[in-house]
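One file, data-v1.txt, is given below (compact mmCIF, C-alpha atoms).
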```
# COMPACT_ATOMS: atom_id res chain seq x y z
CA MET A 1 0.00 0.00 0.00
CA LYS A 2 1.38 3.38 -1.00
CA ARG A 3 1.98 5.70 1.93
CA LEU A 4 0.64 9.26 1.94
CA PRO A 5 3.23 11.99 1.35
CA HIS A 6 4.65 13.58 4.51
CA SER A 7 3.27 16.98 3.47
CA VAL A 8 -0.29 15.60 3.43
CA ILE A 9 0.13 13.92 6.82
CA ASP A 10 1.60 17.12 8.29
CA THR A 11 -1.29 19.17 6.92
CA VAL A 12 -3.82 16.79 8.47
CA TYR A 13 -2.00 17.02 11.82
CA VAL A 14 -2.11 20.83 11.71
CA ILE A 15 -5.78 21.06 10.69
CA VAL A 16 -6.90 18.62 13.39
CA GLY A 17 -4.67 20.48 15.88
CA ILE A 18 -6.34 23.80 14.99
CA LEU A 19 -9.80 22.27 15.51
CA PHE A 20 -8.83 20.89 18.92
CA CYS A 21 -7.37 24.25 20.01
CA GLY A 22 -10.43 26.08 18.73
CA PHE A 23 -12.74 23.71 20.60
CA ALA A 24 -10.75 24.08 23.83
CA LEU A 25 -10.82 27.87 23.64
CA LYS A 26 -14.42 28.40 22.49
CA SER A 27 -16.03 25.68 24.61
CA PHE A 28 -13.97 25.72 27.82
CA LEU A 29 -11.52 28.58 28.36
CA VAL A 30 -13.07 31.70 26.78
CA PRO A 31 -16.66 31.29 28.13
CA ASN A 32 -15.34 30.76 31.67
CA ASN A 33 -12.50 33.34 31.66
CA PHE A 34 -9.82 30.67 32.13
CA PHE A 35 -6.27 30.99 30.86
CA ASP A 36 -3.47 28.92 29.46
CA GLY A 37 0.24 29.67 29.38
CA GLY A 38 2.32 31.15 26.59
CA VAL A 39 1.10 33.46 23.84
CA THR A 40 -2.39 31.92 24.09
CA GLY A 41 -2.52 32.92 27.75
CA ILE A 42 -1.40 36.47 26.92
CA SER A 43 -4.04 36.68 24.18
CA LEU A 44 -6.77 35.45 26.54
CA LEU A 45 -5.69 37.97 29.17
CA ILE A 46 -5.76 40.88 26.70
CA SER A 47 -9.10 39.73 25.29
CA GLU A 48 -10.67 39.57 28.74
CA THR A 49 -9.21 42.91 29.89
CA TYR A 50 -10.00 44.98 26.79
CA HIS A 51 -12.97 42.96 25.41
CA ILE A 52 -11.36 42.41 22.01
CA PRO A 53 -12.25 39.17 20.15
CA ILE A 54 -9.66 36.50 20.86
CA ALA A 55 -9.54 35.53 17.15
CA TYR A 56 -7.81 38.80 16.20
CA ILE A 57 -5.51 39.02 19.23
CA ILE A 58 -4.11 35.50 18.91
CA VAL A 59 -3.03 36.16 15.31
CA VAL A 60 -1.47 39.58 16.03
CA ALA A 61 0.23 38.36 19.22
CA ASN A 62 1.94 35.50 17.37
CA ILE A 63 3.29 37.59 14.47
CA PRO A 64 6.48 38.80 16.28
CA PHE A 65 7.29 35.21 17.22
CA ILE A 66 6.66 34.01 13.67
CA VAL A 67 9.18 36.58 12.41
CA MET A 68 11.56 35.37 15.11
CA GLY A 69 10.93 31.78 14.00
CA ALA A 70 12.00 32.65 10.44
CA ARG A 71 15.39 33.69 11.84
CA GLN A 72 15.79 31.03 14.51
CA VAL A 73 14.43 28.01 12.61
CA ASN A 74 13.75 28.60 8.90
CA LEU A 75 11.38 30.39 6.54
CA ALA A 76 9.32 27.27 5.77
CA PHE A 77 8.61 26.80 9.48
CA ALA A 78 7.60 30.46 9.83
CA LEU A 79 5.25 30.36 6.83
CA LYS A 80 3.63 27.14 7.99
CA THR A 81 3.19 28.59 11.48
CA LEU A 82 1.68 31.78 10.04
CA ALA A 83 -0.84 29.74 8.03
CA ALA A 84 -1.69 27.65 11.11
CA VAL A 85 -2.17 30.71 13.34
CA ILE A 86 -4.40 32.39 10.75
CA GLY A 87 -6.34 29.11 10.50
CA LEU A 88 -6.77 29.13 14.28
CA GLY A 89 -7.96 32.74 14.12
CA LEU A 90 -10.58 31.84 11.51
CA CYS A 91 -11.63 28.84 13.56
CA LEU A 92 -12.12 31.05 16.62
CA LEU A 93 -13.99 33.62 14.54
CA TYR A 94 -16.55 31.23 13.06
CA MET A 95 -16.74 28.38 15.58
CA PRO A 96 -19.82 28.92 17.81
CA GLU A 97 -19.11 29.58 21.49
CA GLN A 98 -20.73 27.06 23.81
CA HIS A 99 -20.68 26.27 27.52
CA VAL A 100 -19.89 22.58 27.79
CA THR A 101 -19.72 22.73 31.59
CA THR A 102 -19.54 25.25 34.42
CA ASP A 103 -17.58 22.95 36.73
CA HIS A 104 -14.24 24.68 37.24
CA LEU A 105 -12.26 21.48 37.70
CA LEU A 106 -13.66 19.95 34.50
CA ILE A 107 -12.99 23.19 32.63
CA CYS A 108 -9.32 23.39 33.61
CA ILE A 109 -8.65 19.67 33.07
CA PHE A 110 -10.47 19.09 29.78
CA GLY A 111 -9.79 22.58 28.45
CA GLY A 112 -6.10 21.90 29.06
CA VAL A 113 -6.25 18.40 27.59
CA PHE A 114 -7.92 19.52 24.34
CA MET A 115 -5.53 22.48 24.12
CA GLY A 116 -2.54 20.18 24.64
CA ILE A 117 -3.77 17.79 21.95
CA GLY A 118 -4.12 20.66 19.49
CA VAL A 119 -0.71 22.19 20.20
CA GLY A 120 0.95 18.76 20.17
CA LEU A 121 -0.57 17.80 16.82
CA SER A 122 0.50 21.12 15.29
CA ILE A 123 4.08 20.53 16.47
CA ARG A 124 3.96 17.04 14.94
CA GLY A 125 2.82 18.75 11.75
CA GLY A 126 5.92 20.95 11.74
CA CYS A 127 4.66 24.28 13.07
CA ALA A 128 3.74 26.01 16.34
CA LEU A 129 0.35 27.36 17.36
CA ASP A 130 1.99 29.15 20.27
CA GLY A 131 5.08 31.31 19.74
CA ILE A 132 6.39 30.92 23.29
CA GLU A 133 8.68 28.06 22.22
CA VAL A 134 10.30 30.28 19.58
CA LEU A 135 10.79 33.06 22.13
CA ALA A 136 12.40 30.62 24.55
CA LEU A 137 14.71 29.34 21.78
CA TYR A 138 15.69 32.92 20.88
CA THR A 139 16.24 33.98 24.51
CA GLY A 140 18.06 30.77 25.43
CA LYS A 141 20.90 31.64 23.06
CA ARG A 142 21.48 34.92 24.88
CA VAL A 143 21.09 33.99 28.55
CA SER A 144 22.28 31.11 30.70
CA PHE A 145 18.80 29.68 31.36
CA THR A 146 17.39 26.58 29.71
CA ILE A 147 14.37 26.77 27.38
CA SER A 148 12.17 25.10 30.03
CA GLU A 149 13.24 27.64 32.65
CA ILE A 150 12.51 30.55 30.29
CA ILE A 151 9.04 29.20 29.45
CA LEU A 152 8.34 28.67 33.15
CA GLY A 153 9.43 32.22 33.97
CA ILE A 154 7.24 33.75 31.26
CA ASN A 155 4.23 31.73 32.39
CA ILE A 156 4.75 32.71 36.04
CA ILE A 157 4.51 36.36 34.97
CA ILE A 158 1.33 35.63 32.97
CA PHE A 159 -0.33 33.86 35.91
CA LEU A 160 0.72 36.59 38.35
CA ILE A 161 -0.91 39.22 36.13
CA ALA A 162 -4.02 37.02 35.81
CA GLY A 163 -4.15 36.70 39.60
CA ILE A 164 -3.97 40.47 40.06
CA GLN A 165 -6.48 41.24 37.28
CA LEU A 166 -9.03 38.46 37.79
CA GLY A 167 -8.41 37.05 41.23
CA LEU A 168 -6.30 34.30 42.72
CA PRO A 169 -8.79 31.41 42.20
CA THR A 170 -8.88 32.05 38.43
CA ALA A 171 -5.08 32.16 38.30
CA LEU A 172 -4.78 28.88 40.24
CA TYR A 173 -7.30 27.13 37.99
CA SER A 174 -5.41 28.49 34.99
CA ILE A 175 -2.18 26.96 36.30
CA LEU A 176 -3.97 23.58 36.37
CA THR A 177 -5.13 24.20 32.81
CA TYR A 178 -1.58 24.91 31.70
CA TYR A 179 -0.27 21.80 33.48
CA ALA A 180 -2.91 19.59 31.83
CA ALA A 181 -2.13 21.15 28.44
CA SER A 182 1.66 20.78 28.77
CA ARG A 183 1.49 17.14 29.90
CA THR A 184 -0.98 16.25 27.15
CA CYS A 185 1.13 18.07 24.56
CA HIS A 186 4.19 16.10 25.69
CA PHE A 187 2.26 12.84 25.40
CA VAL A 188 1.00 13.68 21.89
CA ILE A 189 4.49 14.61 20.68
CA GLU A 190 6.35 11.71 22.28
CA GLY A 191 3.54 9.17 21.94
CA LEU A 192 2.95 5.98 23.87
CA GLU A 193 6.10 4.45 22.37
CA GLU A 194 8.51 6.72 24.21
CA TYR A 195 11.89 5.04 23.97
CA THR A 196 14.54 4.37 26.57
CA GLY A 197 18.21 3.86 25.83
CA VAL A 198 19.79 1.06 27.88
CA THR A 199 23.53 0.58 28.40
CA ILE A 200 24.76 -2.73 29.81
CA ILE A 201 28.25 -3.52 31.11
CA SER A 202 28.82 -7.15 32.06
CA GLY A 203 31.41 -9.89 31.96
CA GLU A 204 28.72 -12.09 30.35
CA SER A 205 28.27 -9.74 27.40
CA GLU A 206 28.35 -12.50 24.76
CA THR A 207 25.36 -14.30 26.25
CA ILE A 208 23.50 -11.03 26.86
CA LYS A 209 24.05 -9.90 23.25
CA GLU A 210 22.70 -13.15 21.87
CA ARG A 211 19.57 -13.16 24.06
CA LEU A 212 18.79 -9.49 23.42
CA VAL A 213 18.80 -10.11 19.68
CA MET A 214 17.29 -13.61 19.56
CA GLU A 215 14.72 -13.37 22.37
CA LEU A 216 13.77 -9.68 22.52
CA GLY A 217 14.37 -9.04 18.82
CA ARG A 218 16.29 -5.86 19.60
CA GLY A 219 19.07 -4.33 17.59
CA ILE A 220 22.22 -3.68 19.58
CA THR A 221 25.32 -1.52 19.28
CA VAL A 222 28.56 -2.65 20.91
CA TYR A 223 31.30 -0.37 22.21
CA LYS A 224 34.73 -1.71 23.11
CA GLY A 225 35.79 -0.75 26.62
CA GLU A 226 37.58 -1.88 29.78
CA ARG A 227 36.21 -2.83 33.17
CA GLY A 228 37.89 -3.11 36.53
CA PHE A 229 39.87 -0.19 37.99
CA LEU A 230 38.75 -0.93 41.55
CA LYS A 231 40.24 0.93 44.48
CA GLN A 232 42.01 -2.14 45.83
CA SER A 233 43.23 -3.25 42.36
CA PHE A 234 43.34 -0.14 40.21
CA ASP A 235 45.99 -1.53 37.83
CA ILE A 236 43.91 -4.59 36.96
CA SER A 237 41.37 -4.36 34.13
CA GLN A 238 40.01 -6.47 31.33
CA PRO A 239 38.38 -5.70 27.97
CA VAL A 240 34.60 -5.74 27.85
CA ASP A 241 31.85 -5.22 25.29
CA ILE A 242 29.57 -2.33 26.33
CA ILE A 243 26.11 -3.05 24.93
CA PHE A 244 23.66 -0.33 23.98
CA THR A 245 20.09 -0.93 22.88
CA VAL A 246 16.79 0.96 22.64
CA VAL A 247 13.50 -0.36 24.05
CA THR A 248 10.09 1.06 24.88
CA ARG A 249 9.30 2.06 28.46
CA MET A 250 7.17 -1.07 28.90
CA GLU A 251 10.08 -3.34 27.93
CA VAL A 252 12.65 -1.94 30.38
CA HIS A 253 11.58 -4.23 33.24
CA LYS A 254 11.66 -7.32 31.00
CA LEU A 255 15.12 -6.42 29.70
CA ARG A 256 16.46 -5.80 33.21
CA ASN A 257 15.17 -9.18 34.40
CA LEU A 258 16.74 -10.90 31.39
CA VAL A 259 20.16 -9.33 32.00
CA HIS A 260 20.17 -9.91 35.75
CA GLY A 261 19.10 -13.52 35.12
CA ILE A 262 22.39 -13.95 33.23
CA ASP A 263 24.61 -11.78 35.43
CA HIS A 264 23.19 -10.39 38.68
CA LYS A 265 26.22 -8.07 38.97
CA ALA A 266 25.70 -6.48 35.54
CA PHE A 267 25.77 -2.68 35.52
CA ILE A 268 22.70 -1.25 33.75
CA PHE A 269 21.72 2.36 33.28
CA THR A 270 18.95 3.94 31.26
CA SER A 271 18.35 7.29 29.57
CA THR A 272 15.23 8.79 28.02
CA ILE A 273 15.30 9.17 24.23
CA LYS A 274 13.09 11.95 22.89
CA GLU A 275 12.89 10.60 19.34
CA ALA A 276 13.97 7.41 17.61
CA ALA A 277 13.31 6.10 14.12
CA GLY A 278 14.68 3.69 11.55
CA GLY A 279 16.57 0.42 11.81
CA VAL A 280 15.03 -2.37 13.85
CA LEU A 281 12.78 0.14 15.62
CA LYS A 282 11.06 1.05 12.37
CA ARG A 283 10.33 -2.54 11.50
CA ARG A 284 9.04 -3.40 14.97
CA VAL A 285 6.69 -0.41 15.16
CA ARG A 286 5.30 -1.32 11.75
CA ASP A 287 4.75 -4.92 12.92
CA HIS A 288 2.58 -3.68 15.76
```
Using the file provided, produce a representation of the structure as structure tokens.
Amino acid sequence: MKRLPHSVIDTVYVIVGILFCGFALKSFLVPNNFFDGGVTGISLLISETYHIPIAYIIVVANIPFIVMGARQVNLAFALKTLAAVIGLGLCLLYMPEQHVTTDHLLICIFGGVFMGIGVGLSIRGGCALDGIEVLALYTGKRVSFTISEIILGINIIIFLIAGIQLGLPTALYSILTYYAASRTCHFVIEGLEEYTGVTIISGESETIKERLVMELGRGITVYKGERGFLKQSFDISQPVDIIFTVVTRMEVHKLRNLVHGIDHKAFIFTSTIKEAAGGVLKRRVRDH
């Protein structure tokens, strides 16, 4: 079966993402004066304070960050983001406003979840519906803070202003909305198949290599190293194969049991991998 071109898949991601964001804003956040973080949060705050339609503000507020994105990322990214933001503005302009619920907890949780799905899908489609990431990337090259710290700092300012303008309860509920949105966005981007890199150092490396490949069906990479160098015998060492492989989060426990069943003294450490594709991974994901 012929696969769809990447451009078509990306476009579908972005369109569905816009619809989710529009639904979250028009059905949960805007009718109940709740906020999110980032440029969306700033737009909601301005809209509520000056009674200007959110559809216009969210487009205008993102334009400086789109220009910044053209310099920091590339022109194609900026143009795609501009089209997506305009699409979101049109969605907000013509999508009917409706009160799904008046329960504050449901509003902040589900408003955040739908917002996170929309933003996450747009990122998977190759653009950004919220320019805060671009601002953090731009600022991060000029200060000693990480991108996450910069985003957190900007959002703290937004929620402080919201607390002063609209009261502390609204600001606190908005923080829950942002948390739900950010965690959902992370899940959409990373997916259920978030991968973990596993490094194994053992004197039984030959047996471990064979069982990882033959039983777990995992591809492995082998580094040549030395083990030993203990305090009481620092001058004594022996060559060892250092095994590296990539598994899903749900397979880590099974892999650890397999290795420790062969060598209970084996040294194992794991690291989170944000993105992995190709090789044995590609074939296994397709099989599922």
Would you give me, as CSV, each residue of stretch 103-209 of chain A having an atom within 12 Å of an atom of stretch 24-28 of chain A, along with its shortest atom pair and that distance in Å to one decimal, using all atoms listed in the file and sorting by chain and residue number?
```
residue,atom,partner,partner_atom,distance
A:Asp103,CA,A:Phe28,CA,10.0
A:His104,CA,A:Phe28,CA,9.5
A:Leu105,CA,A:Phe28,CA,10.9
A:Leu106,CA,A:Phe28,CA,8.8
A:Ile107,CA,A:Phe28,CA,5.5
A:Cys108,CA,A:Phe28,CA,7.8
A:Ile109,CA,A:Phe28,CA,9.6
A:Phe110,CA,A:Phe28,CA,7.7
A:Gly111,CA,A:Ala24,CA,5.0
A:Gly112,CA,A:Ala24,CA,7.3
A:Val113,CA,A:Ala24,CA,8.2
A:Phe114,CA,A:Ala24,CA,5.4
A:Met115,CA,A:Ala24,CA,5.5
A:Gly116,CA,A:Ala24,CA,9.1
A:Ile117,CA,A:Ala24,CA,9.6
A:Gly118,CA,A:Ala24,CA,8.6
A:Val119,CA,A:Ala24,CA,10.8
A:Ser174,CA,A:Phe28,CA,11.5
A:Thr177,CA,A:Phe28,CA,10.3
A:Ala181,CA,A:Ala24,CA,10.2
```
> Nearest to A:Pro239: which of A:Pro64, A:Gly217, A:Gly197, A:Gly225 is it, counting only C-alpha atoms?
Replying inline: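 Of A:Pro64, A:Gly217, A:Gly197, A:Gly225, the one nearest A:Pro239, counting only C-alpha atoms, is A:Gly225.
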> Which residue gives the smallest distance to A:Glu97 among A:Leu160, A:Leu135, A:Leu45, A:Leu29, with only C-alpha atoms counted?
Replying inline: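 The answer is A:Leu29, which sits nearest to A:Glu97.
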> So which one's closest to A:Cys91, A:Ile54, A:Phe35, A:Thr272, A:Lys231? Using all atoms listed in the file, please.
Replying inline: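 Using all atoms listed in the file, the shortest distance to A:Cys91 belongs to A:Ile54.
Comparing the minimum interatomic distances between A:Ala78 and each of A:Gly131, A:Ser43, A:Thr11, A:Ile18, counting all atoms listed in the file, we find that A:Gly131 sits nearest.
Atom CA of A:Ala128 sits 19.4 Å away from atom CA of A:Leu93.
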>> So that I can see what lies close to A:Arg227, please list as a list in words the residues with an atom at most 8 Å from it, counting all atoms listed in the file and leaving out residues fewer than 5 positions away in the same chain.
In response: Ser237, Gln238, Pro239 and Val240 of chain A
> Between A:Leu44, A:Leu255, A:Leu82, A:Ile200, which is the closest to A:Ala162 once you count all atoms listed in the file?
Replying inline: A:Leu44
